[in-house]
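Shown below: coords.json, with JSON, C-alpha atoms.
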```json
[["chain", "number", "residue", "atom", "x", "y", "z"],
["A", 86, "MET", "CA", -14.98, -26.21, -1.14],
["A", 87, "PRO", "CA", -14.57, -24.51, -4.56],
["A", 88, "LEU", "CA", -13.04, -21.06, -4.84],
["A", 89, "SER", "CA", -15.65, -18.28, -4.85],
["A", 90, "VAL", "CA", -15.63, -14.47, -4.83],
["A", 91, "ARG", "CA", -17.76, -11.99, -2.88],
["A", 92, "PRO", "CA", -17.62, -8.22, -3.63],
["A", 93, "LEU", "CA", -16.47, -6.06, -0.71],
["A", 94, "SER", "CA", -17.84, -2.74, -1.98],
["A", 95, "HIS", "CA", -19.19, -1.10, -5.09],
["A", 96, "ALA", "CA", -15.92, 0.73, -5.77],
["A", 97, "LEU", "CA", -13.36, -2.03, -5.38],
["A", 98, "GLY", "CA", -12.40, -5.18, -3.59],
["A", 99, "ALA", "CA", -13.46, -8.81, -3.29],
["A", 100, "GLU", "CA", -13.25, -11.53, -0.67],
["A", 101, "VAL", "CA", -11.85, -14.80, -2.00],
["A", 102, "ARG", "CA", -13.39, -17.82, -0.29],
["A", 103, "GLY", "CA", -12.64, -21.52, -0.44],
["A", 104, "VAL", "CA", -8.85, -21.18, -0.46],
["A", 105, "ASP", "CA", -6.29, -22.21, 2.15],
["A", 106, "LEU", "CA", -3.04, -20.36, 1.56],
["A", 107, "ALA", "CA", -1.20, -22.84, 3.78],
["A", 108, "GLN", "CA", -1.63, -25.32, 0.92],
["A", 109, "PRO", "CA", -0.12, -25.09, -2.58],
["A", 110, "LEU", "CA", -2.43, -23.53, -5.17],
["A", 111, "SER", "CA", -2.96, -25.11, -8.56],
["A", 112, "ASN", "CA", -2.14, -22.97, -11.59],
["A", 113, "SER", "CA", -5.84, -22.69, -12.44],
["A", 114, "GLU", "CA", -6.69, -21.52, -8.91],
["A", 115, "PHE", "CA", -3.91, -18.95, -8.96],
["A", 116, "ASP", "CA", -4.93, -17.73, -12.42],
["A", 117, "GLU", "CA", -8.47, -17.12, -11.16],
["A", 118, "ILE", "CA", -7.13, -15.24, -8.13],
["A", 119, "HIS", "CA", -4.86, -13.16, -10.36],
["A", 120, "ARG", "CA", -7.68, -12.27, -12.77],
["A", 121, "THR", "CA", -9.84, -11.17, -9.84],
["A", 122, "PHE", "CA", -6.93, -9.15, -8.43],
["A", 123, "LEU", "CA", -6.59, -7.22, -11.68],
["A", 124, "GLU", "CA", -10.34, -6.66, -11.88],
["A", 125, "LYS", "CA", -11.06, -5.72, -8.25],
["A", 126, "GLY", "CA", -7.83, -4.02, -7.11],
["A", 127, "ILE", "CA", -7.84, -5.55, -3.61],
["A", 128, "LEU", "CA", -8.50, -9.09, -2.39],
["A", 129, "LEU", "CA", -9.34, -10.30, 1.11],
["A", 130, "PHE", "CA", -8.45, -13.80, 2.36],
["A", 131, "ARG", "CA", -9.92, -14.54, 5.80],
["A", 132, "ASN", "CA", -8.87, -17.10, 8.43],
["A", 133, "GLN", "CA", -5.46, -17.76, 6.92],
["A", 134, "LYS", "CA", -3.45, -19.43, 9.68],
["A", 135, "ILE", "CA", -0.16, -19.50, 7.85],
["A", 136, "THR", "CA", 3.52, -19.28, 8.71],
["A", 137, "ARG", "CA", 5.85, -16.52, 7.63],
["A", 138, "GLU", "CA", 7.39, -18.90, 5.11],
["A", 139, "GLN", "CA", 3.95, -19.62, 3.61],
["A", 140, "HIS", "CA", 3.14, -15.89, 3.48],
["A", 141, "ILE", "CA", 6.36, -15.29, 1.54],
["A", 142, "ALA", "CA", 5.80, -18.29, -0.76],
["A", 143, "PHE", "CA", 2.28, -17.19, -1.74],
["A", 144, "SER", "CA", 3.47, -13.63, -2.33],
["A", 145, "ARG", "CA", 6.18, -14.85, -4.70],
["A", 146, "ARG", "CA", 3.48, -16.20, -7.04],
["A", 147, "PHE", "CA", 2.84, -12.55, -8.00],
["A", 148, "GLY", "CA", 6.47, -11.61, -8.71],
["A", 149, "GLU", "CA", 9.86, -10.82, -7.21],
["A", 150, "LEU", "CA", 9.70, -9.64, -3.61],
["A", 151, "ASP", "CA", 11.30, -6.52, -2.21],
["A", 152, "ASN", "CA", 13.89, -6.99, 0.56],
["A", 153, "HIS", "CA", 12.94, -3.54, 1.92],
["A", 154, "ASP", "CA", 16.43, -2.06, 1.66],
["A", 155, "SER", "CA", 14.70, 1.33, 1.48],
["A", 156, "LEU", "CA", 13.11, 0.72, 4.93],
["A", 157, "PRO", "CA", 15.85, -1.14, 6.85],
["A", 158, "ARG", "CA", 14.51, -0.35, 10.33],
["A", 159, "ASP", "CA", 11.07, -1.68, 9.55],
["A", 160, "ARG", "CA", 11.86, -5.12, 8.13],
["A", 161, "HIS", "CA", 11.89, -8.36, 10.07],
["A", 162, "PRO", "CA", 15.44, -9.14, 11.29],
["A", 163, "ASP", "CA", 15.25, -12.74, 10.02],
["A", 164, "TYR", "CA", 12.93, -12.29, 7.02],
["A", 165, "PRO", "CA", 13.89, -9.21, 4.96],
["A", 166, "GLU", "CA", 10.91, -9.93, 2.67],
["A", 167, "LEU", "CA", 8.62, -9.04, 5.60],
["A", 168, "LEU", "CA", 7.95, -5.46, 6.62],
["A", 169, "LEU", "CA", 6.74, -5.05, 10.19],
["A", 170, "VAL", "CA", 3.74, -2.78, 10.65],
["A", 171, "THR", "CA", 3.65, -2.72, 14.41],
["A", 172, "ASN", "CA", 3.41, -0.61, 17.52],
["A", 173, "ILE", "CA", 5.15, -3.24, 19.69],
["A", 174, "PRO", "CA", 8.16, -1.49, 21.31],
["A", 175, "GLU", "CA", 11.71, -2.44, 20.35],
["A", 176, "PRO", "CA", 13.60, -4.92, 22.60],
["A", 177, "ASP", "CA", 15.39, -1.98, 24.24],
["A", 178, "GLY", "CA", 12.06, -0.35, 25.08],
["A", 179, "LYS", "CA", 12.19, 2.32, 22.38],
["A", 180, "PRO", "CA", 8.98, 2.96, 20.41],
["A", 181, "SER", "CA", 8.60, 0.90, 17.25],
["A", 182, "ALA", "CA", 10.06, 2.57, 14.16],
["A", 183, "SER", "CA", 6.99, 1.51, 12.16],
["A", 184, "ARG", "CA", 4.23, 2.54, 14.58],
["A", 185, "TYR", "CA", 3.09, 5.34, 12.25],
["A", 186, "THR", "CA", 3.44, 3.31, 9.04],
["A", 187, "GLY", "CA", 0.78, 4.11, 6.47],
["A", 188, "GLN", "CA", -1.03, 6.93, 8.28],
["A", 189, "GLN", "CA", -1.15, 9.05, 5.13],
["A", 190, "TRP", "CA", -2.89, 8.34, 1.81],
["A", 191, "HIS", "CA", -0.20, 6.70, -0.32],
["A", 192, "SER", "CA", 0.85, 3.91, -2.68],
["A", 193, "ASP", "CA", 3.61, 1.63, -1.41],
["A", 194, "MET", "CA", 7.20, 2.35, -2.45],
["A", 195, "SER", "CA", 6.21, 5.34, -4.60],
["A", 196, "PHE", "CA", 9.33, 7.04, -3.19],
["A", 197, "THR", "CA", 11.59, 4.51, -4.96],
["A", 198, "PRO", "CA", 12.48, 4.06, -8.66],
["A", 199, "VAL", "CA", 10.61, 0.72, -8.71],
["A", 200, "PRO", "CA", 7.21, 1.29, -7.05],
["A", 201, "SER", "CA", 5.39, -1.77, -5.76],
["A", 202, "LEU", "CA", 3.18, -3.93, -7.97],
["A", 203, "GLY", "CA", 1.28, -5.19, -4.96],
["A", 204, "SER", "CA", 1.38, -5.67, -1.21],
["A", 205, "LEU", "CA", 0.15, -8.56, 0.94],
["A", 206, "LEU", "CA", -0.55, -7.55, 4.55],
["A", 207, "ARG", "CA", -1.32, -10.18, 7.21],
["A", 208, "GLY", "CA", -3.17, -9.28, 10.40],
["A", 209, "ILE", "CA", -1.53, -11.02, 13.38],
["A", 210, "THR", "CA", -2.57, -9.01, 16.45],
["A", 211, "ILE", "CA", -5.56, -6.73, 15.92],
["A", 212, "PRO", "CA", -7.11, -4.25, 18.38],
["A", 213, "PRO", "CA", -10.61, -5.28, 19.53],
["A", 214, "VAL", "CA", -11.97, -2.08, 17.97],
["A", 215, "GLY", "CA", -10.38, 0.05, 15.26],
["A", 216, "GLY", "CA", -7.05, -0.10, 13.51],
["A", 217, "ASP", "CA", -8.86, -0.11, 10.16],
["A", 218, "THR", "CA", -7.31, 0.41, 6.71],
["A", 219, "MET", "CA", -9.04, 2.36, 3.94],
["A", 220, "PHE", "CA", -8.46, 1.76, 0.22],
["A", 221, "THR", "CA", -9.49, 3.85, -2.77],
["A", 222, "ASN", "CA", -9.86, 3.13, -6.48],
["A", 223, "MET", "CA", -7.46, 5.31, -8.51],
["A", 224, "TYR", "CA", -8.97, 4.20, -11.83],
["A", 225, "LEU", "CA", -12.24, 5.78, -10.73],
["A", 226, "ALA", "CA", -10.38, 8.81, -9.42],
["A", 227, "TYR", "CA", -8.88, 9.39, -12.87],
["A", 228, "ASP", "CA", -11.95, 8.46, -14.90],
["A", 229, "THR", "CA", -14.18, 10.94, -13.05],
["A", 230, "LEU", "CA", -11.91, 13.96, -13.57],
["A", 231, "SER", "CA", -13.05, 16.53, -16.13],
["A", 232, "ALA", "CA", -11.51, 16.52, -19.58],
["A", 233, "GLY", "CA", -9.81, 19.81, -18.77],
["A", 234, "MET", "CA", -8.24, 18.45, -15.57],
["A", 235, "LYS", "CA", -7.06, 15.31, -17.35],
["A", 236, "LYS", "CA", -5.35, 17.48, -19.95],
["A", 237, "MET", "CA", -3.76, 19.66, -17.26],
["A", 238, "ILE", "CA", -2.20, 16.81, -15.29],
["A", 239, "GLU", "CA", -1.25, 14.51, -18.20],
["A", 240, "GLY", "CA", 2.39, 15.61, -18.30],
["A", 241, "LEU", "CA", 2.88, 16.44, -14.62],
["A", 242, "HIS", "CA", 5.31, 14.61, -12.35],
["A", 243, "GLY", "CA", 4.89, 14.65, -8.58],
["A", 244, "ILE", "CA", 7.87, 14.58, -6.24],
["A", 245, "HIS", "CA", 7.39, 11.69, -3.80],
["A", 246, "THR", "CA", 9.20, 11.39, -0.46],
["A", 247, "GLY", "CA", 9.54, 8.55, 2.04],
["A", 248, "THR", "CA", 8.43, 10.62, 5.01],
["A", 249, "ARG", "CA", 5.70, 9.52, 7.39],
["A", 250, "LYS", "CA", 3.87, 10.93, 10.39],
["A", 251, "VAL", "CA", 6.48, 11.04, 13.17],
["A", 252, "ASP", "CA", 6.97, 12.51, 16.62],
["A", 253, "ASP", "CA", 10.18, 14.25, 15.54],
["A", 254, "PRO", "CA", 10.78, 15.11, 11.85],
["A", 255, "ASN", "CA", 14.46, 15.71, 12.70],
["A", 256, "SER", "CA", 14.98, 12.28, 14.27],
["A", 257, "ASP", "CA", 17.85, 10.02, 13.23],
["A", 258, "ARG", "CA", 15.31, 7.73, 11.58],
["A", 259, "GLU", "CA", 13.94, 10.52, 9.39],
["A", 260, "LYS", "CA", 17.43, 11.74, 8.48],
["A", 261, "GLU", "CA", 18.36, 8.18, 7.52],
["A", 262, "GLN", "CA", 15.25, 7.84, 5.35],
["A", 263, "LYS", "CA", 16.02, 11.06, 3.48],
["A", 264, "LYS", "CA", 19.57, 9.83, 2.78],
["A", 265, "ILE", "CA", 18.49, 6.35, 1.63],
["A", 266, "ASN", "CA", 15.49, 7.61, -0.35],
["A", 267, "PRO", "CA", 16.08, 10.99, -1.98],
["A", 268, "PRO", "CA", 13.00, 12.61, -3.56],
["A", 269, "ILE", "CA", 11.88, 11.01, -6.80],
["A", 270, "ALA", "CA", 9.59, 12.28, -9.56],
["A", 271, "GLN", "CA", 6.69, 10.03, -10.59],
["A", 272, "PRO", "CA", 4.07, 10.63, -13.30],
["A", 273, "VAL", "CA", 0.74, 11.88, -11.94],
["A", 274, "VAL", "CA", -1.05, 9.68, -14.47],
["A", 275, "ARG", "CA", 0.20, 6.11, -14.84],
["A", 276, "VAL", "CA", -0.88, 3.44, -17.32],
["A", 277, "HIS", "CA", -1.35, 0.08, -15.63],
["A", 278, "PRO", "CA", 1.10, -2.31, -17.37],
["A", 279, "GLU", "CA", -1.33, -5.26, -17.28],
["A", 280, "THR", "CA", -4.76, -3.72, -17.83],
["A", 281, "GLY", "CA", -3.74, -0.72, -19.98],
["A", 282, "ARG", "CA", -6.04, 1.57, -17.94],
["A", 283, "LYS", "CA", -5.00, 5.00, -16.72],
["A", 284, "ALA", "CA", -4.94, 5.67, -12.98],
["A", 285, "LEU", "CA", -4.26, 8.74, -10.91],
["A", 286, "TYR", "CA", -0.91, 8.44, -9.07],
["A", 287, "ILE", "CA", -0.87, 10.95, -6.25],
["A", 288, "GLY", "CA", -0.86, 10.93, -2.44],
["A", 289, "GLU", "CA", -0.11, 12.83, 0.72],
["A", 290, "LYS", "CA", 3.62, 12.09, 0.38],
["A", 291, "VAL", "CA", 3.81, 14.22, -2.78],
["A", 292, "SER", "CA", 5.54, 17.46, -1.82],
["A", 293, "CYS", "CA", 5.15, 19.36, -5.09],
["A", 294, "PHE", "CA", 5.22, 19.01, -8.87],
["A", 295, "VAL", "CA", 8.37, 19.15, -11.00],
["A", 296, "ASP", "CA", 9.06, 22.70, -12.23],
["A", 297, "MET", "CA", 6.51, 24.14, -9.78],
["A", 298, "THR", "CA", 6.97, 25.56, -6.29],
["A", 299, "PRO", "CA", 5.38, 23.90, -3.25],
["A", 300, "GLU", "CA", 3.05, 26.91, -2.92],
["A", 301, "GLU", "CA", 1.91, 26.56, -6.53],
["A", 302, "SER", "CA", 1.57, 22.78, -6.24],
["A", 303, "ARG", "CA", -0.25, 22.46, -2.93],
["A", 304, "PRO", "CA", -3.78, 23.48, -4.02],
["A", 305, "LEU", "CA", -3.76, 20.97, -6.89],
["A", 306, "ILE", "CA", -2.23, 18.16, -4.80],
["A", 307, "ASP", "CA", -4.84, 18.72, -2.10],
["A", 308, "TYR", "CA", -7.66, 18.77, -4.65],
["A", 309, "LEU", "CA", -6.51, 15.55, -6.34],
["A", 310, "VAL", "CA", -6.13, 13.72, -3.01],
["A", 311, "ARG", "CA", -9.58, 14.91, -1.84],
["A", 312, "HIS", "CA", -11.09, 13.88, -5.17],
["A", 313, "ALA", "CA", -9.40, 10.47, -5.12],
["A", 314, "THR", "CA", -10.64, 9.70, -1.61],
["A", 315, "ARG", "CA", -14.30, 10.57, -2.08],
["A", 316, "PRO", "CA", -16.44, 8.11, -0.07],
["A", 317, "GLN", "CA", -17.92, 6.48, -3.17],
["A", 318, "PHE", "CA", -14.42, 5.42, -4.30],
["A", 319, "VAL", "CA", -13.41, 3.92, -0.93],
["A", 320, "TYR", "CA", -13.54, 0.57, 0.86],
["A", 321, "ARG", "CA", -12.87, 0.54, 4.63],
["A", 322, "HIS", "CA", -11.48, -2.72, 5.95],
["A", 323, "GLN", "CA", -12.12, -3.82, 9.53],
["A", 324, "TRP", "CA", -9.32, -6.21, 10.35],
["A", 325, "GLN", "CA", -9.73, -9.64, 11.90],
["A", 326, "GLN", "CA", -6.93, -11.87, 13.11],
["A", 327, "ASP", "CA", -5.48, -13.98, 10.26],
["A", 328, "ASP", "CA", -6.82, -11.71, 7.52],
["A", 329, "ILE", "CA", -4.61, -11.23, 4.48],
["A", 330, "ILE", "CA", -5.27, -8.26, 2.22],
["A", 331, "LEU", "CA", -3.64, -8.10, -1.21],
["A", 332, "TRP", "CA", -3.81, -4.78, -3.06],
["A", 333, "ASP", "CA", -2.63, -3.45, -6.39],
["A", 334, "ASN", "CA", -0.45, -0.39, -5.77],
["A", 335, "ARG", "CA", -0.67, 0.59, -9.43],
["A", 336, "CYS", "CA", -4.37, 1.45, -9.24],
["A", 337, "THR", "CA", -5.20, 1.88, -5.56],
["A", 338, "MET", "CA", -4.15, 4.06, -2.66],
["A", 339, "HIS", "CA", -4.56, 3.34, 1.05],
["A", 340, "ILE", "CA", -4.27, 4.76, 4.56],
["A", 341, "ALA", "CA", -3.95, 3.14, 8.00],
["A", 342, "LEU", "CA", -6.18, 4.65, 10.66],
["A", 343, "GLY", "CA", -4.93, 5.19, 14.19],
["A", 344, "ASP", "CA", -8.46, 4.73, 15.51],
["A", 345, "TYR", "CA", -7.82, 2.45, 18.47],
["A", 346, "GLU", "CA", -7.10, 2.81, 22.16],
["A", 347, "GLU", "CA", -3.60, 3.71, 23.30],
["A", 348, "GLY", "CA", -1.94, 0.61, 24.68],
["A", 349, "GLU", "CA", -3.73, -1.78, 22.33],
["A", 350, "ILE", "CA", -1.37, -3.86, 20.19],
["A", 351, "ARG", "CA", -1.62, -3.67, 16.42],
["A", 352, "HIS", "CA", 0.86, -5.97, 14.67],
["A", 353, "LEU", "CA", 0.77, -6.84, 10.98],
["A", 354, "GLU", "CA", 3.39, -8.11, 8.54],
["A", 355, "ARG", "CA", 3.64, -7.22, 4.85],
["A", 356, "THR", "CA", 5.35, -8.56, 1.79],
["A", 357, "THR", "CA", 5.92, -6.20, -1.12],
["A", 358, "VAL", "CA", 5.94, -7.38, -4.75],
["A", 359, "LYS", "CA", 8.25, -5.37, -6.97],
["A", 360, "GLY", "CA", 6.72, -3.53, -9.91],
["A", 361, "THR", "CA", 8.23, -1.99, -13.01],
["A", 362, "PRO", "CA", 10.64, 0.98, -13.07],
["A", 363, "SER", "CA", 8.94, 4.35, -12.96],
["A", 364, "GLY", "CA", 9.99, 7.92, -12.34],
["A", 365, "TYR", "CA", 13.42, 9.45, -11.95],
["A", 366, "TYR", "CA", 15.60, 10.99, -9.26],
["A", 367, "LEU", "CA", 15.93, 14.74, -9.29],
["A", 368, "GLN", "CA", 19.37, 16.05, -10.15]]
```
Could you render the structure as structure tokens?
Amino acid sequence: MPLSVRPLSHALGAEVRGVDLAQPLSNSEFDEIHRTFLEKGILLFRNQKITREQHIAFSRRFGELDNHDSLPRDRHPDYPELLLVTNIPEPDGKPSASRYTGQQWHSDMSFTPVPSLGSLLRGITIPPVGGDTMFTNMYLAYDTLSAGMKKMIEGLHGIHTGTRKVDDPNSDREKEQKKINPPIAQPVVRVHPETGRKALYIGEKVSCFVDMTPEESRPLIDYLVRHATRPQFVYRHQWQQDDIILWDNRCTMHIALGDYEEGEIRHLERTTVKGTPSGYYLQ
């Protein structure tokens, strides 16, 4: 069956059909996938019954993989290239450290000096209803701003943190995260290194802007996040078992929804492709 592409929404995304990621891809097949990735921002591969080793191998076609040193509690103990996105309790019965992963609008690894190029998330155990992920097109978010707003934000840098929704913001896990990942300043407008297009780079993990107070920053951060997540810019993905979603963190933002029954298992595993250096630590 030849490789084919089906749009997922008007704003972004495509399903790639006719490919089995358990088998090696030819260079021409990968080149077509890569071109579609740059054009559509997110790609869906359904019914991919692959091993962890095959997940990692396919991900490496896009670039060097992150070993998730910035998220040591969340990575797989035997495969550091795999980040666990799971609500399965720890072996000692404690709640999973990653049960709240992604429940804010964000771009992966924006709180590090080398934000992610892309992420590949594999659905392993999916709730019968819910557990969706929403994605938004940050090219469109930037392009549809007024000329005055574009001028205002052109030189701004947002301070990104590695915090997430947690039961206890003073927990050992949160203290550890703050020590491993001190706040970092990232440009609010980024130029995609492969397409040359400008994209808005903002999210709910941005605490304030450099040289501005949190009180001064908050109204603009909230406006930009609301603008970027307008329904016409968004694709909502309903997971199925053995789905793989690949997204471009340089021009999209996403959020995981906790819209499923308590007690239902949601277990996914993610590889993270390293991007190019961006931003700087605050002194």
Please tabulate, as JSON lines, the residues of stretch 162-272 of chain A that come within 8 Å of stretch 330-340 of chain A, each with its closest pair of atoms and the distance in Å to one decimal, counting all atoms listed in the file and ordering rows by chain, then residue number upward.
```
{"residue": "A:Gly187", "atom": "CA", "partner": "A:Ile340", "partner_atom": "CA", "distance": 5.4}
{"residue": "A:Gln188", "atom": "CA", "partner": "A:Ile340", "partner_atom": "CA", "distance": 5.4}
{"residue": "A:Gln189", "atom": "CA", "partner": "A:Ile340", "partner_atom": "CA", "distance": 5.3}
{"residue": "A:Trp190", "atom": "CA", "partner": "A:Ile340", "partner_atom": "CA", "distance": 4.7}
{"residue": "A:His191", "atom": "CA", "partner": "A:Met338", "partner_atom": "CA", "distance": 5.3}
{"residue": "A:Ser192", "atom": "CA", "partner": "A:Met338", "partner_atom": "CA", "distance": 5.0}
{"residue": "A:Asp193", "atom": "CA", "partner": "A:Asn334", "partner_atom": "CA", "distance": 6.3}
{"residue": "A:Pro200", "atom": "CA", "partner": "A:Asn334", "partner_atom": "CA", "distance": 7.9}
{"residue": "A:Ser201", "atom": "CA", "partner": "A:Asn334", "partner_atom": "CA", "distance": 6.0}
{"residue": "A:Leu202", "atom": "CA", "partner": "A:Asn334", "partner_atom": "CA", "distance": 5.5}
{"residue": "A:Gly203", "atom": "CA", "partner": "A:Asp333", "partner_atom": "CA", "distance": 4.5}
{"residue": "A:Ser204", "atom": "CA", "partner": "A:Leu331", "partner_atom": "CA", "distance": 5.6}
{"residue": "A:Leu205", "atom": "CA", "partner": "A:Leu331", "partner_atom": "CA", "distance": 4.4}
{"residue": "A:Leu206", "atom": "CA", "partner": "A:Ile330", "partner_atom": "CA", "distance": 5.3}
{"residue": "A:Arg207", "atom": "CA", "partner": "A:Ile330", "partner_atom": "CA", "distance": 6.6}
{"residue": "A:Thr218", "atom": "CA", "partner": "A:Ile340", "partner_atom": "CA", "distance": 5.7}
{"residue": "A:Met219", "atom": "CA", "partner": "A:Ile340", "partner_atom": "CA", "distance": 5.4}
{"residue": "A:Phe220", "atom": "CA", "partner": "A:His339", "partner_atom": "CA", "distance": 4.3}
{"residue": "A:Thr221", "atom": "CA", "partner": "A:Met338", "partner_atom": "CA", "distance": 5.3}
{"residue": "A:Asn222", "atom": "CA", "partner": "A:Thr337", "partner_atom": "CA", "distance": 4.9}
{"residue": "A:Met223", "atom": "CA", "partner": "A:Cys336", "partner_atom": "CA", "distance": 5.0}
{"residue": "A:Tyr224", "atom": "CA", "partner": "A:Cys336", "partner_atom": "CA", "distance": 6.0}
```
Q.
as an NGL selection string, please: the residues near A:Ser94 (cut-off 12 Å, only C-alpha atoms, same-chain neighbours under 6 positions excluded).
A. :A and (100 or 125-129 or 219-222 or 316-322)
Q) Counting all atoms listed in the file, which of A:Gly208, A:Pro109, A:Pro162, A:Pro362 gets nearest to A:Asn132? A)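 So, comparing all the options, the nearest one is A:Gly208.
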Q.
To one decimal place in Å, what is the distance between atom CA of A:Ser292 and atom CA of A:Pro157?
A. 23.0 Å
Excluding stretch 267-284 of chain A and its own-chain neighbours fewer than 6 positions away, which residues fall within 7 Å of it when counting all atoms listed in the file? Please give them as an mmCIF file with C-alpha atoms, in the frame of the given file.
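Contents of result09.cif, freshly written:
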```cif
data_model
loop_
_atom_site.group_PDB
_atom_site.id
_atom_site.type_symbol
_atom_site.label_atom_id
_atom_site.label_comp_id
_atom_site.auth_asym_id
_atom_site.auth_seq_id
_atom_site.Cartn_x
_atom_site.Cartn_y
_atom_site.Cartn_z
ATOM 1 C CA PHE A 196 9.330 7.040 -3.190
ATOM 2 C CA THR A 197 11.590 4.510 -4.960
ATOM 3 C CA MET A 223 -7.460 5.310 -8.510
ATOM 4 C CA TYR A 224 -8.970 4.200 -11.830
ATOM 5 C CA TYR A 227 -8.880 9.390 -12.870
ATOM 6 C CA ILE A 238 -2.200 16.810 -15.290
ATOM 7 C CA GLU A 239 -1.250 14.510 -18.200
ATOM 8 C CA LEU A 241 2.880 16.440 -14.620
ATOM 9 C CA HIS A 242 5.310 14.610 -12.350
ATOM 10 C CA GLY A 243 4.890 14.650 -8.580
ATOM 11 C CA ILE A 244 7.870 14.580 -6.240
ATOM 12 C CA HIS A 245 7.390 11.690 -3.800
ATOM 13 C CA THR A 246 9.200 11.390 -0.460
ATOM 14 C CA ARG A 335 -0.670 0.590 -9.430
ATOM 15 C CA CYS A 336 -4.370 1.450 -9.240
ATOM 16 C CA SER A 363 8.940 4.350 -12.960
ATOM 17 C CA GLY A 364 9.990 7.920 -12.340
ATOM 18 C CA TYR A 365 13.420 9.450 -11.950
ATOM 19 C CA TYR A 366 15.600 10.990 -9.260
ATOM 20 C CA LEU A 367 15.930 14.740 -9.290
#
```
**Q.** Length of the atom CA of A:Pro212 to atom CA of A:Ile118 vector [Å]
**A.** 28.7 Å
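You can rank A:Leu309, A:Leu168, A:Val90, A:Ala232 by their closest distance to A:Leu353 using only C-alpha atoms, and at the top of that list sits A:Leu168.
Here atom CA of A:Arg355 is placed at a distance of 9.1 Å from atom CA of A:Arg160.
Those residues that approach A:Arg131 to within 8 Å, counting all atoms listed in the file, are Glu100, Arg102, Gln325, Asp327, Asp328 and Ile329 of chain A; same-chain residues fewer than 5 positions away are not listed.
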Take the residues that were just selected and, keeping C-alpha atoms, output them as a compact mmCIF listing (two decimals), in the frame of the given file.
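New file again_14.txt:
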```txt
# COMPACT_ATOMS: atom_id res chain seq x y z
CA GLU A 100 -13.25 -11.53 -0.67
CA ARG A 102 -13.39 -17.82 -0.29
CA GLN A 325 -9.73 -9.64 11.90
CA ASP A 327 -5.48 -13.98 10.26
CA ASP A 328 -6.82 -11.71 7.52
CA ILE A 329 -4.61 -11.23 4.48
```
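Minimum atom-to-atom distance to A:Phe147, evaluated using all atoms listed in the file, belongs to A:Asp116 out of A:Glu354, A:Asp307, A:Asp116, A:Glu166.
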Q.
With 10 Å as the threshold, what does the neighbourhood of (-0.6, -20.8, 1.0) contain in terms of residues, counting only C-alpha atoms? Coordinates are those of the file; answer as a ChimeraX atom specification.
A. /A:104-110,133-136,138-144
Selected residues written out with C-alpha atoms, as a short mmCIF file (atom, residue, chain, number, x, y, z; two decimals), in the frame of the given file:
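File written: selection24.cif
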```cif
data_model
loop_
_atom_site.label_atom_id
_atom_site.label_comp_id
_atom_site.auth_asym_id
_atom_site.auth_seq_id
_atom_site.Cartn_x
_atom_site.Cartn_y
_atom_site.Cartn_z
CA VAL A 104 -8.85 -21.18 -0.46
CA ASP A 105 -6.29 -22.21 2.15
CA LEU A 106 -3.04 -20.36 1.56
CA ALA A 107 -1.20 -22.84 3.78
CA GLN A 108 -1.63 -25.32 0.92
CA PRO A 109 -0.12 -25.09 -2.58
CA LEU A 110 -2.43 -23.53 -5.17
CA GLN A 133 -5.46 -17.76 6.92
CA LYS A 134 -3.45 -19.43 9.68
CA ILE A 135 -0.16 -19.50 7.85
CA THR A 136 3.52 -19.28 8.71
CA GLU A 138 7.39 -18.90 5.11
CA GLN A 139 3.95 -19.62 3.61
CA HIS A 140 3.14 -15.89 3.48
CA ILE A 141 6.36 -15.29 1.54
CA ALA A 142 5.80 -18.29 -0.76
CA PHE A 143 2.28 -17.19 -1.74
CA SER A 144 3.47 -13.63 -2.33
#
```
Q.
Measuring between only C-alpha atoms, which one of A:His95, A:Gly215, A:Ser155, A:Thr210 shows the shortest distance to A:Asn172?
A.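 With only C-alpha atoms as the atom set, the closest residue is A:Thr210.
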Q: Excluding A:Ile211 and any residue of its chain fewer than 4 positions from it, enumerate the residues within 7 Å of it, using all atoms listed in the file, and give them as JSON, numbers by chain.
A: {"A": [324, 325, 326, 350, 351, 352]}
Q: Extract, using only C-alpha atoms, all DNA, RNA and protein residues at most 8 Å from A:Ile306, discarding same-chain residues fewer than 4 positions from it, and format them as number ranges by chain.
A: A: 287-289, 291, 293, 302, 310
Q: Rank nothing, just name the residue among A:Ile265, A:Leu93, A:Ala226, A:Val170 nearest to A:Ala313, using only C-alpha atoms.
A: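 Closest to A:Ala313 of all the choices is A:Ala226.
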**Q.** For A:Gly240, the nearest of the candidates A:Glu346, A:Asp296, A:Asp151, A:Glu124, counting all atoms listed in the file
**A.**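 Selected residue with least distance to A:Gly240: A:Asp296.
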Pull out stretch 214-225 of chain A, keep C-alpha atoms, and write it as an mmCIF file, in the first residue's frame.
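Written file, result.cif:
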```
data_model
loop_
_atom_site.group_PDB
_atom_site.id
_atom_site.type_symbol
_atom_site.label_atom_id
_atom_site.label_comp_id
_atom_site.auth_asym_id
_atom_site.auth_seq_id
_atom_site.Cartn_x
_atom_site.Cartn_y
_atom_site.Cartn_z
ATOM 1 C CA VAL A 214 -13.507 7.733 26.725
ATOM 2 C CA GLY A 215 -11.397 10.881 27.041
ATOM 3 C CA GLY A 216 -7.738 11.454 27.712
ATOM 4 C CA ASP A 217 -7.548 13.604 24.572
ATOM 5 C CA THR A 218 -4.679 15.902 23.544
ATOM 6 C CA MET A 219 -5.222 19.274 21.874
ATOM 7 C CA PHE A 220 -2.716 20.923 19.522
ATOM 8 C CA THR A 221 -2.618 24.468 18.174
ATOM 9 C CA ASN A 222 -0.868 26.124 15.240
ATOM 10 C CA MET A 223 1.547 28.814 16.469
ATOM 11 C CA TYR A 224 2.264 30.040 12.934
ATOM 12 C CA LEU A 225 -1.397 30.997 12.645
#
```
